[in-house]
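Engineer: Pasting model-v2.txt below, which is compact mmCIF, C-alpha atoms and all ligand atoms.
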# COMPACT_ATOMS: atom_id res chain seq x y z
CA MET A 1 -10.64 -25.97 -10.83
CA GLY A 2 -7.33 -27.32 -9.46
CA GLU A 3 -5.46 -24.66 -11.41
CA ALA A 4 -7.85 -21.95 -10.23
CA ARG A 5 -7.43 -23.03 -6.60
CA GLY A 6 -3.63 -22.83 -6.99
CA ARG A 7 -3.67 -19.22 -8.17
CA LYS A 8 -3.04 -16.55 -5.58
CA SER A 9 -5.81 -14.22 -4.52
CA ILE A 10 -4.45 -10.70 -4.04
CA PHE A 11 -5.94 -7.56 -2.46
CA VAL A 12 -4.60 -4.13 -3.34
CA THR A 13 -5.93 -0.94 -1.73
CA GLY A 14 -5.52 2.40 -3.47
CA ALA A 15 -5.45 0.43 -6.72
CA ALA A 16 -7.03 3.04 -9.02
CA SER A 17 -3.82 5.00 -9.44
CA GLY A 18 -0.04 5.15 -9.06
CA ILE A 19 1.71 2.44 -7.04
CA GLY A 20 -1.44 0.40 -6.32
CA LYS A 21 -2.38 0.32 -10.00
CA ALA A 22 1.16 -0.81 -10.95
CA THR A 23 1.13 -3.50 -8.25
CA ALA A 24 -2.30 -4.83 -9.25
CA LYS A 25 -1.16 -5.10 -12.87
CA LYS A 26 2.10 -6.82 -11.95
CA PHE A 27 0.36 -9.39 -9.75
CA SER A 28 -2.06 -10.04 -12.59
CA GLU A 29 0.79 -10.48 -15.10
CA GLU A 30 2.20 -13.11 -12.71
CA GLY A 31 -1.09 -15.04 -12.99
CA SER A 32 -2.86 -14.00 -9.78
CA LYS A 33 -6.50 -13.04 -9.27
CA VAL A 34 -6.65 -9.46 -8.07
CA VAL A 35 -9.20 -7.58 -5.99
CA LEU A 36 -8.70 -3.87 -6.57
CA SER A 37 -10.15 -1.46 -4.04
CA ASP A 38 -10.22 2.31 -3.95
CA LEU A 39 -12.50 5.27 -3.26
CA ASP A 40 -12.20 6.15 -6.94
CA GLU A 41 -14.69 3.83 -8.62
CA LYS A 42 -14.18 5.08 -12.18
CA GLY A 43 -10.38 4.86 -12.00
CA GLY A 44 -10.48 1.45 -10.32
CA GLN A 45 -12.90 -0.01 -12.84
CA GLN A 46 -10.69 1.31 -15.65
CA VAL A 47 -7.68 -0.61 -14.24
CA VAL A 48 -9.83 -3.76 -13.96
CA ASP A 49 -10.84 -3.34 -17.62
CA GLU A 50 -7.17 -2.99 -18.62
CA ILE A 51 -6.25 -6.14 -16.67
CA LYS A 52 -9.13 -8.10 -18.21
CA SER A 53 -8.28 -6.95 -21.73
CA SER A 54 -4.79 -8.40 -21.19
CA GLY A 55 -6.33 -11.76 -20.19
CA GLY A 56 -6.18 -11.25 -16.40
CA ASP A 57 -8.77 -11.95 -13.70
CA ALA A 58 -9.75 -8.97 -11.51
CA ILE A 59 -12.66 -7.28 -9.77
CA PHE A 60 -13.12 -3.81 -8.32
CA VAL A 61 -14.74 -3.13 -4.94
CA LYS A 62 -15.29 0.49 -3.91
CA THR A 63 -13.84 0.89 -0.42
CA ASN A 64 -12.97 3.56 2.09
CA VAL A 65 -10.09 1.99 4.02
CA ALA A 66 -10.78 4.30 6.96
CA ASP A 67 -14.31 2.93 7.43
CA PRO A 68 -14.61 -0.45 9.23
CA ASP A 69 -17.94 -1.33 7.58
CA SER A 70 -16.58 -0.56 4.14
CA VAL A 71 -13.45 -2.69 4.75
CA LYS A 72 -15.48 -5.59 6.11
CA SER A 73 -17.75 -5.63 3.07
CA LEU A 74 -14.65 -5.49 0.82
CA MET A 75 -13.22 -8.60 2.46
CA ASP A 76 -16.59 -10.41 2.41
CA LYS A 77 -17.13 -9.62 -1.26
CA ALA A 78 -13.63 -10.66 -2.22
CA VAL A 79 -13.69 -13.93 -0.28
CA GLU A 80 -17.07 -14.66 -1.83
CA GLU A 81 -15.58 -14.07 -5.30
CA TYR A 82 -12.16 -15.75 -4.98
CA GLY A 83 -12.59 -17.93 -1.86
CA LYS A 84 -9.47 -16.80 0.04
CA ILE A 85 -6.99 -14.01 0.71
CA ASP A 86 -3.34 -14.88 0.08
CA ILE A 87 -1.77 -11.45 -0.16
CA LEU A 88 -2.80 -7.98 1.00
CA HIS A 89 -1.06 -4.86 -0.26
CA ASN A 90 -2.06 -2.04 2.10
CA ASN A 91 -1.28 0.89 -0.13
CA ALA A 92 -4.05 3.55 -0.08
CA GLY A 93 -2.72 6.84 1.22
CA ILE A 94 -3.16 10.60 1.19
CA ASP A 95 -1.05 13.68 1.79
CA VAL A 96 -2.90 16.87 2.75
CA GLY A 97 -0.10 19.45 2.80
CA SER A 98 -0.41 22.27 0.22
CA ASP A 99 0.31 25.97 -0.23
CA GLU A 100 -2.92 26.69 1.69
CA VAL A 101 -2.67 23.99 4.36
CA LYS A 102 0.58 23.63 6.25
CA ASP A 103 1.11 20.12 7.63
CA THR A 104 2.98 21.22 10.74
CA VAL A 105 2.02 20.36 14.30
CA THR A 106 1.06 23.96 15.06
CA GLU A 107 -0.82 24.68 11.82
CA ILE A 108 -2.58 21.59 10.47
CA PRO A 109 -6.35 21.70 11.18
CA LEU A 110 -7.32 18.92 13.59
CA HIS A 111 -9.79 17.34 11.14
CA LEU A 112 -7.03 16.98 8.53
CA TRP A 113 -4.64 15.44 11.07
CA ASP A 114 -7.40 12.95 11.91
CA LYS A 115 -8.06 12.26 8.21
CA VAL A 116 -4.42 11.48 7.39
CA ILE A 117 -4.08 9.15 10.38
CA ALA A 118 -7.43 7.51 9.55
CA VAL A 119 -6.55 6.71 5.92
CA ASN A 120 -2.80 6.08 6.14
CA LEU A 121 -2.56 4.27 9.47
CA THR A 122 -6.02 3.15 10.62
CA GLY A 123 -6.65 1.96 7.04
CA VAL A 124 -3.69 -0.44 7.31
CA PHE A 125 -4.92 -1.60 10.72
CA LEU A 126 -8.49 -2.21 9.53
CA CYS A 127 -7.65 -4.05 6.31
CA SER A 128 -5.16 -6.24 8.18
CA ARG A 129 -7.63 -6.85 11.02
CA PHE A 130 -10.25 -8.20 8.61
CA ALA A 131 -7.82 -10.06 6.30
CA ILE A 132 -5.62 -11.87 8.85
CA PRO A 133 -8.34 -14.27 10.13
CA HIS A 134 -9.02 -15.33 6.50
CA MET A 135 -5.27 -15.85 5.96
CA ILE A 136 -4.89 -17.92 9.12
CA LYS A 137 -7.89 -20.04 8.16
CA ASN A 138 -6.20 -20.70 4.83
CA GLY A 139 -2.81 -21.67 6.34
CA GLY A 140 -1.07 -18.31 6.08
CA GLY A 141 -0.52 -15.25 3.94
CA SER A 142 1.56 -12.19 3.24
CA ILE A 143 0.91 -8.51 3.95
CA ILE A 144 2.92 -5.74 2.35
CA ASN A 145 2.36 -2.19 3.58
CA THR A 146 3.28 0.95 1.68
CA SER A 147 4.95 3.29 4.13
CA SER A 148 7.44 5.92 2.92
CA VAL A 149 10.93 7.19 3.66
CA GLY A 150 8.83 9.69 5.60
CA GLY A 151 8.13 6.92 8.08
CA LEU A 152 11.85 6.73 8.85
CA ILE A 153 13.12 10.32 8.86
CA GLY A 154 11.70 13.85 9.19
CA PHE A 155 10.88 16.37 6.45
CA PRO A 156 9.56 19.89 7.02
CA GLY A 157 5.81 20.39 6.48
CA LEU A 158 4.73 16.74 6.64
CA ALA A 159 3.86 16.20 10.31
CA ALA A 160 0.68 14.13 9.98
CA TYR A 161 1.97 12.27 6.94
CA GLN A 162 5.28 11.29 8.59
CA ALA A 163 3.54 10.32 11.82
CA SER A 164 1.11 8.09 9.93
CA LYS A 165 3.90 6.46 7.91
CA GLY A 166 6.06 5.96 11.01
CA GLY A 167 3.05 4.22 12.52
CA VAL A 168 2.87 1.94 9.48
CA VAL A 169 6.53 0.95 9.95
CA GLN A 170 5.94 0.03 13.58
CA LEU A 171 2.61 -1.69 12.88
CA THR A 172 4.44 -3.80 10.26
CA LYS A 173 6.93 -5.02 12.88
CA GLN A 174 4.18 -5.58 15.44
CA MET A 175 2.02 -7.67 13.09
CA ALA A 176 5.09 -9.65 11.97
CA VAL A 177 5.79 -10.58 15.60
CA GLU A 178 2.16 -11.29 16.41
CA TYR A 179 1.24 -13.49 13.43
CA GLY A 180 4.53 -15.14 12.41
CA LYS A 181 3.44 -18.27 14.28
CA ASP A 182 0.37 -18.38 12.00
CA ASN A 183 2.54 -18.26 8.88
CA VAL A 184 1.45 -14.70 8.10
CA ARG A 185 4.43 -12.62 6.98
CA VAL A 186 4.26 -8.82 7.22
CA ASN A 187 6.69 -6.49 5.43
CA CYS A 188 6.78 -2.91 4.33
CA VAL A 189 8.15 -0.82 1.46
CA CYS A 190 9.38 2.72 1.97
CA PRO A 191 9.51 4.56 -1.36
CA PHE A 192 11.12 7.98 -1.79
CA LEU A 193 9.87 9.82 -4.90
CA VAL A 194 7.55 7.97 -7.24
CA ASP A 195 6.03 9.29 -10.46
CA THR A 196 2.35 9.32 -9.41
CA PRO A 197 -0.31 12.03 -9.07
CA MET A 198 0.62 12.35 -5.36
CA LEU A 199 4.00 13.90 -6.13
CA THR A 200 4.08 17.72 -6.31
CA GLU A 201 6.22 19.61 -8.85
CA GLU A 202 8.29 21.01 -5.99
CA GLU A 203 8.93 17.50 -4.58
CA ARG A 204 9.91 16.33 -8.05
CA GLU A 205 12.44 19.13 -8.58
CA ASP A 206 13.95 19.26 -5.08
CA GLY A 207 13.85 15.52 -4.51
CA ILE A 208 15.70 14.52 -7.63
CA LYS A 209 18.82 16.19 -6.24
CA ALA A 210 18.53 14.38 -2.88
CA GLY A 211 18.93 10.70 -3.83
CA VAL A 212 22.07 8.86 -4.91
CA ILE A 213 20.35 8.01 -8.21
CA ASP A 214 19.20 11.33 -9.66
CA ARG A 215 15.75 10.45 -10.92
CA ILE A 216 12.35 9.66 -9.51
CA ALA A 217 11.03 6.08 -9.55
CA ASP A 218 8.49 4.62 -11.90
CA ALA A 219 5.56 3.07 -10.00
CA SER A 220 6.50 -0.30 -11.53
CA GLU A 221 9.77 -0.24 -9.54
CA ILE A 222 7.81 -0.13 -6.28
CA ALA A 223 5.47 -2.83 -7.60
CA HIS A 224 8.54 -4.99 -8.24
CA ALA A 225 9.59 -4.67 -4.58
CA VAL A 226 6.05 -5.47 -3.39
CA THR A 227 5.72 -8.59 -5.53
CA PHE A 228 9.22 -9.74 -4.48
CA LEU A 229 8.18 -9.56 -0.81
CA ALA A 230 4.92 -11.37 -1.62
CA GLN A 231 6.54 -14.38 -3.32
CA ASP A 232 6.64 -17.76 -1.58
CA GLU A 233 10.40 -17.72 -2.26
CA SER A 234 10.59 -14.72 0.12
CA GLY A 235 9.16 -16.94 2.88
CA TYR A 236 12.05 -16.22 5.29
CA ILE A 237 11.50 -12.44 5.09
CA THR A 238 9.19 -10.85 7.63
CA GLY A 239 9.22 -7.64 9.67
CA THR A 240 11.43 -6.10 7.00
CA ILE A 241 11.31 -2.41 6.18
CA LEU A 242 12.55 -2.22 2.58
CA THR A 243 13.63 1.22 1.39
CA VAL A 244 13.07 1.73 -2.34
CA ASP A 245 14.52 5.18 -2.38
CA ALA A 246 17.53 5.81 -4.67
CA GLY A 247 19.76 5.30 -1.64
CA PHE A 248 18.29 8.34 0.09
CA VAL A 249 17.92 6.97 3.64
CA ASN A 250 20.76 4.45 3.93
CA THR A 251 23.48 6.77 2.61
CA ARG A 252 22.68 9.59 5.04
CA LYS A 253 24.95 9.88 8.03
P1 LIG D 1 -1.95 8.06 -5.78
O1 LIG D 1 -2.62 9.31 -5.31
O2 LIG D 1 -1.66 7.88 -7.22
O3 LIG D 1 -2.76 6.77 -5.28
C1 LIG D 1 -3.38 6.71 -4.01
C2 LIG D 1 -4.72 6.02 -4.19
O4 LIG D 1 -5.32 5.85 -2.88
C3 LIG D 1 -5.72 6.84 -5.01
O5 LIG D 1 -6.25 6.05 -6.07
C4 LIG D 1 -6.80 7.23 -4.02
O6 LIG D 1 -8.11 7.33 -4.59
C5 LIG D 1 -6.71 6.10 -3.00
N1 LIG D 1 -7.30 6.46 -1.72
C6 LIG D 1 -7.16 7.62 -1.04
N2 LIG D 1 -7.89 7.60 0.08
C7 LIG D 1 -8.50 6.39 0.13
C8 LIG D 1 -9.39 5.77 1.04
N3 LIG D 1 -9.81 6.40 2.15
N4 LIG D 1 -9.83 4.51 0.77
C9 LIG D 1 -9.44 3.87 -0.34
N5 LIG D 1 -8.60 4.41 -1.27
C10 LIG D 1 -8.14 5.66 -1.03
O7 LIG D 1 -0.59 8.02 -4.95
P2 LIG D 1 0.59 6.94 -4.88
O8 LIG D 1 1.84 7.70 -4.94
O9 LIG D 1 0.37 5.81 -5.80
O10 LIG D 1 0.40 6.49 -3.36
C11 LIG D 1 0.31 5.13 -2.96
C12 LIG D 1 0.97 4.99 -1.61
O11 LIG D 1 2.37 5.25 -1.75
C13 LIG D 1 0.46 5.96 -0.54
O12 LIG D 1 0.32 5.27 0.68
C14 LIG D 1 1.58 6.99 -0.45
O13 LIG D 1 1.62 7.61 0.81
C15 LIG D 1 2.78 6.12 -0.72
N6 LIG D 1 3.99 6.82 -1.16
C16 LIG D 1 4.01 7.52 -2.33
C17 LIG D 1 5.18 8.17 -2.72
C18 LIG D 1 5.28 8.98 -4.00
O14 LIG D 1 6.30 9.64 -4.21
N7 LIG D 1 4.30 8.96 -4.87
C19 LIG D 1 6.34 8.08 -1.91
C20 LIG D 1 6.27 7.34 -0.74
C21 LIG D 1 5.10 6.70 -0.36
Would you put the structure from the file into structure tokens?
Ligand code: NAD
Structural biologist:
Amino acid sequence: MGEARGRKSIFVTGAASGIGKATAKKFSEEGSKVVLSDLDEKGGQQVVDEIKSSGGDAIFVKTNVADPDSVKSLMDKAVEEYGKIDILHNNAGIDVGSDEVKDTVTEIPLHLWDKVIAVNLTGVFLCSRFAIPHMIKNGGGSIINTSSVGGLIGFPGLAAYQASKGGVVQLTKQMAVEYGKDNVRVNCVCPFLVDTPMLTEEEREDGIKAGVIDRIADASEIAHAVTFLAQDESGYITGTILTVDAGFVNTRK
């Protein structure tokens, strides 16, 4: 029981695929108990099965991060299962731009603008809103948000996406300021191109030429940054916006 109480309880949203899946697995390899949440029940349960077959401890809770009721029942279920929330990785995200739908201010349909903001930004707000009181009750915690280099600079055809990710950067700083006194640290990773289903062929081909390191990232490299920020040894780091981007942002003039 003492050992079980000492293990971290981790929440990862968007954990059925890509970066969230890699992060959930890495936290589990480090000995933590992991609550995976996603809209994709089949994919999420599959990741839980993989974690369990490697000896890890994990559960899946189907969640829509844009829906307050869904997020509240996620937190309730997870606290019921593992007793506390130590770390929250706000990672679920969508990108709606395509050949048919242009994500520009003048062209994106209003309902799609609303959807991107709801999932990518309001989702971070809601999960944090319900998790922070549990963290404070438990003496503190750590939140890591997945933004994007798109939250720091502009790209053509990504208006709603960039606006949502810019919001995540600012919300990270705001929550760091607000809850530092409660020992809740809040940081953010900004990946560039990561090998996940979200990346289009065009982004792959064009993007590879844009970084200082001419390849795209493996999702495990973003997971490494997330788990680094989550560690107790990173206790003096908060409000940090960590680019994980092949030098793309910081080497631009
Ligand atoms: P992905 O599509 O592989 O994973 C995203 C996951 O989020 C999916 O499993 C999806 O089902 C889930 N999801 C979508 N809407 C949801 C909702 N309303 N509620 C709960 N879950 C939902 O993509 P990924 O690349 O792993 O993306 C993870 C995060 O990384 C996103 O926030 C994305 O914007 C960000 N990001 C990705 C890249 C990249 O190149 N892949 C670059 C920068 C930032």
Engineer: Do you know which residues are at most 10 Å from Ala118 (chain A) counting all atoms listed in the file, after dropping those on the same chain fewer than 6 positions away, and could you put them as a PyMOL selection string?
Structural biologist: chain A and resi 65-67+93-94+112+124-126+164
Engineer: Using all atoms listed in the file and a cutoff of 12 Å, can you tell me which residues are near (-11.7, 2.1, 2.3) in the file's coordinates, and write them out as a ChimeraX atom specification?
Structural biologist: /A:12-15,36-41,61-75,90-93,118-127
Engineer: Name the closest residue to ligand LIG 1 (chain D) among the candidates A:Val169, A:Val105, A:Ile237, A:Val177; distances are taken between atoms, counting all atoms listed in the file.
Structural biologist: A:Val169
Engineer: Quick one: of A:Tyr82, A:Phe192, A:Trp113, A:Phe11, who's nearest to Leu152 (chain A), counting only C-alpha atoms?
Structural biologist: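 Nearest to Leu152 (chain A): A:Phe192.
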Engineer: So what do you get for atom C6 of ligand LIG 1 (chain D) versus CA of Lys84 (chain A), distance-wise?
Structural biologist: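 Calculated distance between atom C6 of ligand LIG 1 (chain D) and CA of Lys84 (chain A) is 24.6 Å.
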Engineer: Show which residues sit within 7 Å of region 161-163 of chain A, as a PDB file with C-alpha atoms, keeping the file's coordinate frame. Count all atoms listed in the file, and ignore same-chain residues fewer than 6 positions away.
Structural biologist:
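Produced file around_12.pdb, reproduced below:
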ATOM      1  CA  ASP A  95      -1.050  13.680   1.790  1.00  0.00           C
ATOM      2  CA  VAL A 116      -4.420  11.480   7.390  1.00  0.00           C
ATOM      3  CA  GLY A 150       8.830   9.690   5.600  1.00  0.00           C
ATOM      4  CA  GLY A 151       8.130   6.920   8.080  1.00  0.00           C
ATOM      5  CA  GLY A 154      11.700  13.850   9.190  1.00  0.00           C
TER       6      GLY A 154
END
Engineer: My list of candidates is A:Gly247, A:Gly235, A:Thr196, A:Ala225. Which is closest to Ile213 (chain A) when distances are computed with all atoms listed in the file?
Structural biologist: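 Result for the nearest residue to Ile213 (chain A): A:Gly247.
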Engineer: Please return the centre and edge lengths, in Å to one decimal, of a box with edges along x, y and z that contains all listed atoms of ligand LIG 1 (chain D), widened by 5 Å on every side, as JSON.
Structural biologist:
{"center_x": -1.7, "center_y": 6.8, "center_z": -2.5, "size_x": 26.2, "size_y": 15.8, "size_z": 19.4}
Engineer: Using Å and a single decimal, report how far CA of Val184 (chain A) sits from CA of Met135 (chain A).
Structural biologist: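 Here the two named atoms are 7.1 Å from each other.
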Engineer: Skipping near chain neighbours, those fewer than 3 positions away, what residues fall within 7 Å of Gly157 (chain A) using all atoms listed in the file, listed as a list in words?
Structural biologist: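 These residues fall inside the cut-off: Lys102, Asp103 and Thr104 of chain A.
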